[in-house]
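Step one of this worksheet: look at the structure below.
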Amino acid sequence: MISSLNQFLGGELVRIISSALVIVVAIILNHLNVRYQTSPARAQAKRGQGRQQLVLIKNVIILSAVSFIVMIWATKIAGVAISLSAFAMALVLSTKELIMCITGYTMFAMSRPFNVGDHVALSGVQGLVVDVDLLNLTLSETNGSHQITGKTIILPNSVLLTAVITNHLGLGAFVVGTVRMAVPYAVNRQAFSDIAIATATQICEPWANDSQRHFQRLGSRALLEAPSNKVEVFWEPVDTKQHWVEIRFLVPVAQQEHVAQLIQNQIWEQYGEELAAVNKA
């Protein structure tokens with residue numbers, strides 16, 4: 001009858017009985033250990049060491065019993081572990097994007113590379129950060145002048161794990177803007193530099209103090225040297241006929257292109273005739 005029941009249960013009855021026997025034996029051995037270690041003669045002879053041996057032998061008995069039970073159920077445990085591993089793998093594969101999005105949001109929450117209201121560029125797009133939730137990052141797209149185009153860009157938070165993020169802070173923040181112009185060698189370099197500096201300084205005057213304070217705050221926060229709010233002109237030889245002239249100035253993020261065009265146009269208006277005459281010569 002037992003063999004029939006065991007065959008019907010697929011060997012489970014033998015495992016259950018064996019496990020029960022192991023548990024019973026462990027209980028008996030532990031009881032004997034307690035009686036032996038706490039006997040008056042033993043307790044008086046060993047004193048403080050008796051408690052340590054009692055605990056040590058008890059742990060050995062428990063560990064041995066657990067090991068025997070694991071050995072008895074090893075095949076079943078292995079089957080369950082394989083099933084659980086396959087299920088976990090399938091679960092990870094099917095929810096990979098979801099896990100990456102949540103991980104990306106966790107990284108964002110811990111490191112805060114940007115905040116809502118900052119102007120950022122990542123994954124080939126740029127815009128004003130409108131919202132960041134558990135799964136998505138929402139941007140209001142902007143053009144090269146950082147003007148809002150009216151389009152909304154929704155990116156999964158998984159891009160935060162791999163994308164290079166450029167943070168221009170808010171639209172009221174300042175950056176170092178540049179204008180590059182090709183100028184012939186024959187042009188008077190000092191005269192051209194004076195006109196370029198005077199023109200750019202006049203145009204950037206309304207925000208000169210604000211931009212300097214902005215960079216000083218950033219510098220003190222990151223322990224970096226803040227750039228000067230003075231306009232600078234740099235000359236770089238290109239070939240045997242002309243220089244590249246780079247004009248650097250501080251400008252609000254949203255006005256970079258507008259201010260660059262304005263500086264370039266006014267320089268051409270003031271120095272254009274001489275440049276044209278040099279080119280003709």
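Ligands are numbered from 1 in the order shown, chains are lettered A, B, ... in the order of the structure tokens, and residues start at 1 in each chain.
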
Among segment 76-222 of chain A, which residues does DSSP mark as strand (DSSP E or B) when it is run on the backbone? Keep the chain and numbering as in the structure and answer as JSON, numbers by chain. {"A": [119, 120, 121, 122, 125, 126, 127, 128, 129, 130, 131, 132, 136, 137, 138, 139, 140, 141, 142, 148, 149, 150, 151, 152, 153, 154, 155, 156, 166, 167, 174, 175, 176, 177, 178, 179, 180, 181, 182, 183, 184]}

For a quick check of understanding, using only C-alpha atoms, which of A:Ser39, A:Thr201, A:Asn33, A:Thr152 has the smallest distance to Leu250 of chain A? A:Thr201

Under the rule that only C-alpha atoms are counted, which of A:Asn30, A:Gln37, A:Ser193, A:Asn157 is the nearest residue to Asn136 of chain A? A:Asn157

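When only C-alpha atoms are used to measure the gap to Ile165 of chain A, the shortest distance among A:Val70, A:Ala208, A:Ile99, A:Val125 belongs to A:Val125.
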
Fewer than 4 positions away in the same chain doesn't count, so skip those; otherwise give me all residues within 12 Å of Gln266 of chain A, counting only C-alpha atoms, as a VMD selection string. chain A and resid 195 to 203 259 to 262 270 to 272

Minimum-distance residue to Ser64 of chain A, chosen among A:Ile23, A:Ile102, A:Met89, A:Val34 (using only C-alpha atoms):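 For Ser64 of chain A, the nearest of the candidates is A:Ile23.
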
Find the spatial neighbours of segment 182-189 of chain A, counting only C-alpha atoms, within a cut-off of 6 Å - ignore same-chain residues fewer than 5 positions away - and output them as a PyMOL selection string. chain A and resi 241-244

Give me every helix (DSSP H, G or I) residue in segment 49-223 of chain A, going by DSSP on the backbone, as a VMD selection string. chain A and resid 49 to 72 74 to 94 96 to 111 157 to 161 189 to 222

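In this comparison, which uses only C-alpha atoms, the residue of A:Phe192, A:Gly177, A:Thr240, A:Pro206 approaching His258 of chain A most closely is A:Gly177.
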
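In this structure, atom CA of Ile154 of chain A sits 28.9 Å away from atom CA of Val176 of chain A.
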
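Using only C-alpha atoms, the shortest contact distance between Ser67 of chain A and any of A:Glu12, A:Pro227, A:Ala26, A:Glu141 is found at A:Ala26.
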